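Printed here is protein.txt (compact mmCIF, C-alpha atoms):
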```
# COMPACT_ATOMS: atom_id res chain seq x y z
CA MET A 1 -16.97 1.35 0.02
CA ASP A 2 -15.70 3.02 3.20
CA LEU A 3 -11.93 2.56 3.19
CA GLY A 4 -11.35 4.70 6.28
CA LEU A 5 -8.55 7.16 6.91
CA LEU A 6 -6.11 4.42 7.96
CA GLY A 7 -5.05 1.25 6.20
CA ALA A 8 -2.93 -1.50 7.77
CA HIS A 9 -0.32 -3.20 5.58
CA LEU A 10 0.73 -6.72 6.58
CA ARG A 11 2.27 -9.73 4.91
CA GLU A 12 0.72 -13.18 4.96
CA HIS A 13 2.92 -14.44 7.81
CA GLN A 14 2.12 -11.37 9.92
CA VAL A 15 -1.67 -11.46 9.82
CA THR A 16 -4.32 -13.72 11.35
CA PRO A 17 -8.09 -13.44 11.61
CA ASP A 18 -7.69 -12.40 15.26
CA ALA A 19 -5.28 -9.63 14.25
CA ALA A 20 -7.76 -8.45 11.62
CA VAL A 21 -10.48 -8.22 14.28
CA ALA A 22 -8.17 -6.21 16.55
CA LEU A 23 -7.28 -3.81 13.74
CA GLU A 24 -10.94 -3.35 12.84
CA HIS A 25 -11.77 -2.53 16.46
CA ALA A 26 -8.82 -0.09 16.57
CA GLY A 27 -10.36 1.91 13.74
CA TYR A 28 -8.58 0.73 10.61
CA GLY A 29 -10.84 0.89 7.59
CA THR A 30 -8.75 -1.34 5.34
CA LEU A 31 -6.37 -4.25 5.80
CA TRP A 32 -3.94 -4.53 2.90
CA LEU A 33 -2.32 -7.89 2.10
CA ASP A 34 1.21 -7.20 0.91
CA ALA A 35 3.87 -9.01 -1.09
CA SER A 36 2.09 -10.65 -4.02
CA PRO A 37 -0.73 -12.72 -2.49
CA PRO A 38 -1.67 -15.79 -4.57
CA ALA A 39 -4.43 -15.64 -7.14
CA ASP A 40 -6.89 -17.69 -5.09
CA LEU A 41 -7.14 -14.83 -2.54
CA LYS A 42 -8.16 -17.31 0.16
CA LEU A 43 -6.50 -15.37 2.96
CA ALA A 44 -8.42 -12.23 2.01
CA GLU A 45 -11.64 -14.22 2.22
CA ALA A 46 -10.72 -15.65 5.64
CA LEU A 47 -10.02 -12.16 6.99
CA LEU A 48 -13.34 -10.92 5.67
CA ASP A 49 -15.09 -13.91 7.26
CA ALA A 50 -13.62 -12.92 10.64
CA THR A 51 -14.59 -9.24 10.50
CA THR A 52 -17.78 -7.28 9.98
CA ARG A 53 -16.98 -4.02 8.21
CA LEU A 54 -13.25 -4.04 7.46
CA VAL A 55 -12.32 -3.72 3.79
CA VAL A 56 -9.57 -6.08 2.66
CA GLY A 57 -7.33 -5.11 -0.25
CA THR A 58 -4.33 -6.55 -2.05
CA SER A 59 -1.15 -4.53 -2.17
CA VAL A 60 -0.61 -5.95 -4.59
CA VAL A 61 -1.58 -8.90 -6.76
CA ASN A 62 1.42 -9.38 -9.04
CA ALA A 63 0.79 -9.43 -12.78
CA TRP A 64 3.66 -11.90 -13.29
CA THR A 65 2.68 -14.46 -10.64
CA ALA A 66 -1.13 -14.31 -10.35
CA ASP A 67 -3.13 -15.38 -13.38
CA ALA A 68 -5.62 -12.62 -14.19
CA ALA A 69 -8.52 -14.94 -15.01
CA THR A 70 -8.03 -16.79 -11.71
CA VAL A 71 -7.89 -13.50 -9.84
CA ALA A 72 -11.13 -12.38 -11.50
CA ALA A 73 -12.86 -15.61 -10.46
CA SER A 74 -11.57 -15.13 -6.90
CA TYR A 75 -12.89 -11.57 -6.90
CA HIS A 76 -16.39 -12.75 -7.85
CA ARG A 77 -16.32 -15.47 -5.17
CA ILE A 78 -15.37 -12.93 -2.51
CA GLU A 79 -17.83 -10.32 -3.72
CA ALA A 80 -20.66 -12.85 -3.52
CA SER A 81 -19.88 -13.54 0.16
CA HIS A 82 -18.79 -10.06 1.23
CA PRO A 83 -20.26 -7.49 -1.15
CA GLY A 84 -18.51 -4.14 -1.17
CA ARG A 85 -15.64 -5.16 1.12
CA PHE A 86 -12.83 -6.19 -1.22
CA LEU A 87 -10.53 -3.93 -3.27
CA LEU A 88 -8.17 -5.45 -5.81
CA GLY A 89 -4.77 -3.80 -5.90
CA VAL A 90 -2.64 -4.81 -8.89
CA GLY A 91 1.01 -4.20 -9.65
CA ILE A 92 3.73 -5.06 -12.15
CA GLY A 93 6.42 -6.37 -9.79
CA HIS A 94 10.14 -5.72 -10.25
CA ARG A 95 12.66 -6.59 -12.94
CA GLU A 96 15.10 -7.72 -10.23
CA VAL A 97 12.70 -10.51 -9.22
CA HIS A 98 10.95 -11.71 -12.38
CA THR A 99 13.06 -13.07 -15.22
CA GLU A 100 10.15 -12.60 -17.63
CA TYR A 101 9.86 -8.89 -16.76
CA ALA A 102 9.35 -6.89 -19.99
CA SER A 103 7.07 -4.16 -21.31
CA PRO A 104 5.65 -3.39 -17.86
CA TYR A 105 3.12 -0.83 -19.07
CA ASP A 106 1.73 -3.02 -21.85
CA THR A 107 1.67 -6.04 -19.53
CA LEU A 108 -0.34 -4.18 -16.92
CA VAL A 109 -2.74 -2.85 -19.57
CA SER A 110 -3.32 -6.40 -20.77
CA TYR A 111 -3.81 -7.61 -17.20
CA VAL A 112 -6.43 -4.96 -16.49
CA ASP A 113 -8.08 -5.78 -19.82
CA THR A 114 -8.51 -9.39 -18.70
CA LEU A 115 -9.87 -8.42 -15.29
CA THR A 116 -12.47 -6.08 -16.73
CA ARG A 117 -13.37 -8.49 -19.52
CA ASP A 118 -14.02 -11.09 -16.83
CA GLY A 119 -16.35 -8.76 -14.98
CA VAL A 120 -14.21 -7.10 -12.32
CA PRO A 121 -15.55 -3.53 -12.12
CA ALA A 122 -12.99 -0.78 -12.69
CA PRO A 123 -14.07 0.96 -9.43
CA ARG A 124 -12.84 -2.13 -7.54
CA ILE A 125 -9.32 -2.06 -9.02
CA VAL A 126 -6.40 0.14 -7.97
CA LEU A 127 -2.88 0.13 -9.38
CA ALA A 128 0.48 0.35 -7.64
CA ALA A 129 1.37 3.31 -9.83
CA LEU A 130 4.54 5.31 -9.24
CA GLY A 131 5.56 7.11 -12.43
CA PRO A 132 3.51 9.55 -14.53
CA ARG A 133 2.54 7.02 -17.21
CA MET A 134 1.29 4.44 -14.71
CA LEU A 135 -0.58 7.15 -12.81
CA ARG A 136 -2.33 8.14 -16.03
CA LEU A 137 -3.28 4.50 -16.56
CA ALA A 138 -4.66 4.29 -13.04
CA ALA A 139 -6.74 7.40 -13.65
CA ALA A 140 -8.08 6.19 -17.00
CA ARG A 141 -8.78 2.53 -16.27
CA THR A 142 -9.21 2.01 -12.51
CA ALA A 143 -10.38 3.60 -9.27
CA GLY A 144 -6.94 5.00 -8.43
CA THR A 145 -3.54 4.12 -7.01
CA VAL A 146 -2.03 2.33 -4.00
CA PRO A 147 1.69 3.21 -4.15
CA CYS A 148 4.43 2.45 -1.62
CA MET A 149 8.03 3.57 -0.96
CA ILE A 150 6.88 7.13 -1.54
CA THR A 151 6.87 10.52 0.15
CA THR A 152 4.21 13.15 0.73
CA GLU A 153 5.48 14.94 -2.38
CA HIS A 154 4.57 11.89 -4.44
CA THR A 155 1.09 11.99 -2.90
CA ARG A 156 0.71 15.61 -4.00
CA ARG A 157 1.80 14.69 -7.52
CA ALA A 158 -0.46 11.65 -7.62
CA ARG A 159 -3.47 13.71 -6.60
CA ALA A 160 -2.68 16.28 -9.28
CA ALA A 161 -2.26 13.53 -11.90
CA LEU A 162 -5.41 11.61 -10.99
CA GLY A 163 -7.62 14.58 -10.24
CA PRO A 164 -10.67 14.61 -7.97
CA GLY A 165 -12.85 11.55 -7.64
CA LYS A 166 -10.03 9.00 -7.91
CA LEU A 167 -8.46 7.16 -4.99
CA VAL A 168 -4.96 8.04 -3.80
CA LEU A 169 -4.00 5.45 -1.16
CA PRO A 170 -0.29 5.79 -0.34
CA GLY A 171 1.49 3.46 2.05
CA HIS A 172 4.09 4.86 4.43
CA PHE A 173 6.52 3.15 6.80
CA ALA A 174 6.01 3.74 10.52
CA LEU A 175 8.19 2.99 13.53
CA VAL A 176 7.45 4.05 17.09
CA GLU A 177 11.03 4.66 18.27
CA PRO A 178 12.01 7.97 19.92
CA ASP A 179 15.75 7.42 19.28
CA ALA A 180 16.29 8.71 15.74
CA GLY A 181 19.57 6.88 15.24
CA ARG A 182 18.06 3.56 16.29
CA ALA A 183 14.98 4.18 14.15
CA ARG A 184 17.10 4.86 11.07
CA ALA A 185 19.19 1.75 11.71
CA ILE A 186 16.05 -0.40 11.91
CA ALA A 187 14.71 1.16 8.71
CA ARG A 188 17.98 0.53 6.89
CA SER A 189 18.01 -3.14 7.89
CA ALA A 190 14.60 -3.77 6.29
CA PRO A 191 12.52 -2.18 3.57
CA PRO A 192 12.82 0.71 2.86
CA GLY A 193 16.60 0.53 3.26
CA THR A 194 16.96 -2.86 1.62
CA ALA A 195 14.66 -1.91 -1.26
CA LEU A 196 16.59 1.10 -2.56
CA GLY A 197 18.28 -1.01 -5.23
CA VAL A 198 14.94 -1.89 -6.83
CA THR A 199 14.78 -0.02 -10.13
CA ASN A 200 11.13 1.03 -9.93
CA TYR A 201 11.56 2.51 -6.46
CA ALA A 202 14.93 4.14 -7.14
CA SER A 203 13.71 5.77 -10.35
CA ASN A 204 10.68 7.18 -8.60
CA LEU A 205 12.75 8.56 -5.73
CA ARG A 206 15.04 10.28 -8.23
CA ARG A 207 11.98 11.88 -9.83
CA LEU A 208 11.13 13.17 -6.36
CA GLY A 209 14.50 14.92 -6.07
CA PHE A 210 16.67 12.43 -4.22
CA THR A 211 20.25 12.02 -5.39
CA ALA A 212 22.60 9.12 -5.98
CA GLU A 213 24.16 9.95 -2.62
CA ASP A 214 20.74 9.69 -0.95
CA LEU A 215 20.18 6.27 -2.54
CA ALA A 216 23.65 4.91 -1.81
CA GLU A 217 24.03 1.94 0.50
CA ALA A 218 20.88 1.86 2.69
CA GLY A 219 19.84 5.48 2.30
CA SER A 220 20.79 8.88 3.64
CA ASP A 221 19.21 10.27 6.78
CA ARG A 222 17.23 12.67 4.57
CA LEU A 223 15.80 9.84 2.51
CA ILE A 224 15.05 7.53 5.45
CA ASP A 225 13.31 10.35 7.29
CA ALA A 226 11.17 11.05 4.21
CA LEU A 227 10.16 7.40 3.83
CA VAL A 228 9.65 6.48 7.49
CA ALA A 229 7.54 8.25 10.10
CA HIS A 230 9.47 7.61 13.30
CA GLY A 231 9.67 8.99 16.82
CA THR A 232 7.00 9.22 19.48
CA PRO A 233 3.48 8.03 18.64
CA GLU A 234 2.47 11.65 18.15
CA ALA A 235 5.37 12.31 15.77
CA VAL A 236 4.56 9.18 13.80
CA ALA A 237 0.92 10.25 13.57
CA ALA A 238 1.95 13.66 12.23
CA GLY A 239 4.19 12.09 9.59
CA LEU A 240 1.42 9.80 8.41
CA THR A 241 -1.41 12.33 8.36
CA ALA A 242 0.74 14.63 6.21
CA HIS A 243 -0.34 12.37 3.33
CA LEU A 244 -3.98 13.20 4.06
CA ASP A 245 -3.10 16.90 3.96
CA ALA A 246 -1.32 16.29 0.62
CA GLY A 247 -4.47 14.88 -0.96
CA ALA A 248 -4.61 11.21 0.01
CA ASP A 249 -7.96 9.56 0.69
CA GLN A 250 -6.28 7.18 3.11
CA VAL A 251 -2.78 6.62 4.45
CA GLY A 252 -1.65 3.02 4.70
CA VAL A 253 0.72 2.10 7.51
CA TYR A 254 3.68 -0.22 6.88
CA PRO A 255 4.77 -1.14 10.42
CA LEU A 256 8.46 -1.62 11.19
CA GLY A 257 9.83 -3.30 14.29
CA ASP A 258 9.49 -6.62 16.07
CA ASP A 259 5.72 -6.53 16.63
CA PRO A 260 3.97 -5.10 13.57
CA VAL A 261 0.42 -5.53 14.89
CA ALA A 262 1.30 -3.76 18.15
CA THR A 263 2.82 -0.91 16.12
CA LEU A 264 -0.37 -0.64 14.07
CA LEU A 265 -2.51 -0.48 17.19
CA THR A 266 -0.32 2.25 18.71
CA VAL A 267 -0.45 4.24 15.49
CA ALA A 268 -4.24 3.96 15.28
CA ASP A 269 -4.61 5.32 18.78
CA ALA A 270 -2.25 8.23 18.07
CA VAL A 271 -3.93 9.14 14.77
CA LEU A 272 -7.59 8.53 15.52
CA THR A 273 -8.07 9.45 19.20
CA PRO A 274 -7.43 13.20 18.66
CA ARG A 275 -9.88 13.14 15.74
CA ARG A 276 -12.52 11.42 17.83
CA LEU A 277 -12.06 13.90 20.67
CA GLY A 278 -12.17 16.80 18.24
CA SER A 279 -15.50 15.66 16.87
CA ARG A 280 -17.19 15.76 20.27
```

Could you write out this file's structure as structure tokens?
Amino acid sequence: MDLGLLGAHLREHQVTPDAAVALEHAGYGTLWLDASPPADLKLAEALLDATTRLVVGTSVVNAWTADAATVAASYHRIEASHPGRFLLGVGIGHREVHTEYASPYDTLVSYVDTLTRDGVPAPRIVLAALGPRMLRLAAARTAGTVPCMITTEHTRRARAALGPGKLVLPGHFALVEPDAGRARAIARSAPPGTALGVTNYASNLRRLGFTAEDLAEAGSDRLIDALVAHGTPEAVAAGLTAHLDAGADQVGVYPLGDDPVATLLTVADAVLTPRRLGSR
């Protein structure tokens, strides 16, 4: 499975088959469906139908809202039509959203147990692992991790925890906006700024050395700058590829701004064109 150096993260309302084709042509190796896609995975299948080599992944199927047996059946349906082009990302969600949220580690273990019992191969599963215990689970039971709301330091720690041969696929926010003040304001008005009160994310950021002052309100400049690659296209590219230097197999791009697909296309050009020219 060739995931490529770049992944594109989009929500259901942001992506169409035509957009998937454009992203494939721009050089993205993977298109990640965000925000708890339903267990039938029909959108993933439609995007695969429209493209030829693009891998589609989930970032992530939610253990509280997507029945594991249904997800496994959807995986087998997709694999039969598009062998080797679908990667199942799984996560535990957030206690602020799910009233049934309890025992997240044990719940995720049970969820993975069901998937593998129903024939989903471990090398086709990745976990949205943030903390050390979840990272160890990802290393032991799946192909690796697809975390978000993280920094390059988390990528270094994830690579050390998972070791060689496992996938580290971080997602990072990106905004092509040369005005730093405007870029930070945009970031604070959407995730990541609006997600700092989520316990899983806040706890992980504290582990990475950020303080209560950094996490207050919609985030300090230091925190926003660590979570969002912003500036010129070249500056954004440098912020994203720092994850590759830190040990990531791929960096996923969470586009901010009014036109997420246009942002993704600009980022792909800034990241991949120098690499193409350098290989000549």

## Note on the structure
Correct to one decimal, the distance CA of Leu264 (chain A)-CA of Leu23 (chain A) is 7.6 Å

### Residues within 10 Å of region 47-55 of chain A, all atoms listed in the file, excluding chain neighbours under 4 positions, as a ChimeraX atom specification
/A:1-4,7,15-25,27-32,42-43,78,81-82,84-87

### Query
Nearest to Ala160 (chain A) among A:Ala187, A:Ala174, A:Val198, A:Ala248, with distances taken over all atoms listed in the file: which residue is it?
A:Ala248

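Note that CA of Ala185 (chain A) and CA of Leu169 (chain A) are 26.8 Å apart.
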
Would you mind listing, for every residue of region 207-263 of chain A within 10 Å of region 143-148 of chain A, the two atoms forming the shortest contact and the distance between them in Å to one decimal, using only C-alpha atoms, sorted by chain and ascending residue number, as JSON lines?
```
{"residue": "A:Leu227", "atom": "CA", "partner": "A:Cys148", "partner_atom": "CA", "distance": 9.3}
{"residue": "A:Gln250", "atom": "CA", "partner": "A:Val146", "partner_atom": "CA", "distance": 9.6}
{"residue": "A:Val251", "atom": "CA", "partner": "A:Val146", "partner_atom": "CA", "distance": 9.5}
{"residue": "A:Gly252", "atom": "CA", "partner": "A:Val146", "partner_atom": "CA", "distance": 8.7}
{"residue": "A:Val253", "atom": "CA", "partner": "A:Cys148", "partner_atom": "CA", "distance": 9.9}
{"residue": "A:Tyr254", "atom": "CA", "partner": "A:Cys148", "partner_atom": "CA", "distance": 8.9}
```

Dump C-alpha atoms for the selected residues as a PDB file, in the coordinates of the input?
```
ATOM      1  CA  LEU A 227      10.160   7.400   3.830  1.00  0.00           C
ATOM      2  CA  GLN A 250      -6.280   7.180   3.110  1.00  0.00           C
ATOM      3  CA  VAL A 251      -2.780   6.620   4.450  1.00  0.00           C
ATOM      4  CA  GLY A 252      -1.650   3.020   4.700  1.00  0.00           C
ATOM      5  CA  VAL A 253       0.720   2.100   7.510  1.00  0.00           C
ATOM      6  CA  TYR A 254       3.680  -0.220   6.880  1.00  0.00           C
TER       7      TYR A 254
END
```

Each region 108-153 of chain A residue no farther than 12 Å from region 188-194 of chain A, nearest pair in Å, only C-alpha atoms, as JSON lines:
```
{"residue": "A:Cys148", "atom": "CA", "partner": "A:Pro192", "partner_atom": "CA", "distance": 9.7}
{"residue": "A:Met149", "atom": "CA", "partner": "A:Pro192", "partner_atom": "CA", "distance": 6.8}
{"residue": "A:Ile150", "atom": "CA", "partner": "A:Pro192", "partner_atom": "CA", "distance": 9.8}
{"residue": "A:Thr151", "atom": "CA", "partner": "A:Pro192", "partner_atom": "CA", "distance": 11.8}
```

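Within the 8 Å cut-off around Asp249 (chain A), using all atoms listed in the file and omitting residues fewer than 5 positions from it on the same chain, the listed residues are Leu5, Leu167, Val168, Leu169 and Leu244 of chain A.
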
### Atomic distance CA of Ser74 (chain A) - CA of Ala39 (chain A), expressed in Å with one decimal
7.2 Å

### Distance query Ala128 (chain A) at most 10 Å, only C-alpha atoms, self and fewer than 3 positions along chain excluded, as a PyMOL selection string
chain A and resi 59-62+89-93+131+134-135+138+144-148+169-170

### Task
Rank A:Leu205, A:Ile224, A:Glu217, A:Arg157 by their smallest atom-to-atom distance to Arg182 (chain A), using all atoms listed in the file, and report the top residue only.
A:Ile224

### Message
Could you check the closest approach to Val228 (chain A) for each of A:Asn200, A:Thr273, A:Thr266, A:Thr152 and tell me which residue wins, using all atoms listed in the file?
### Response
A:Thr152
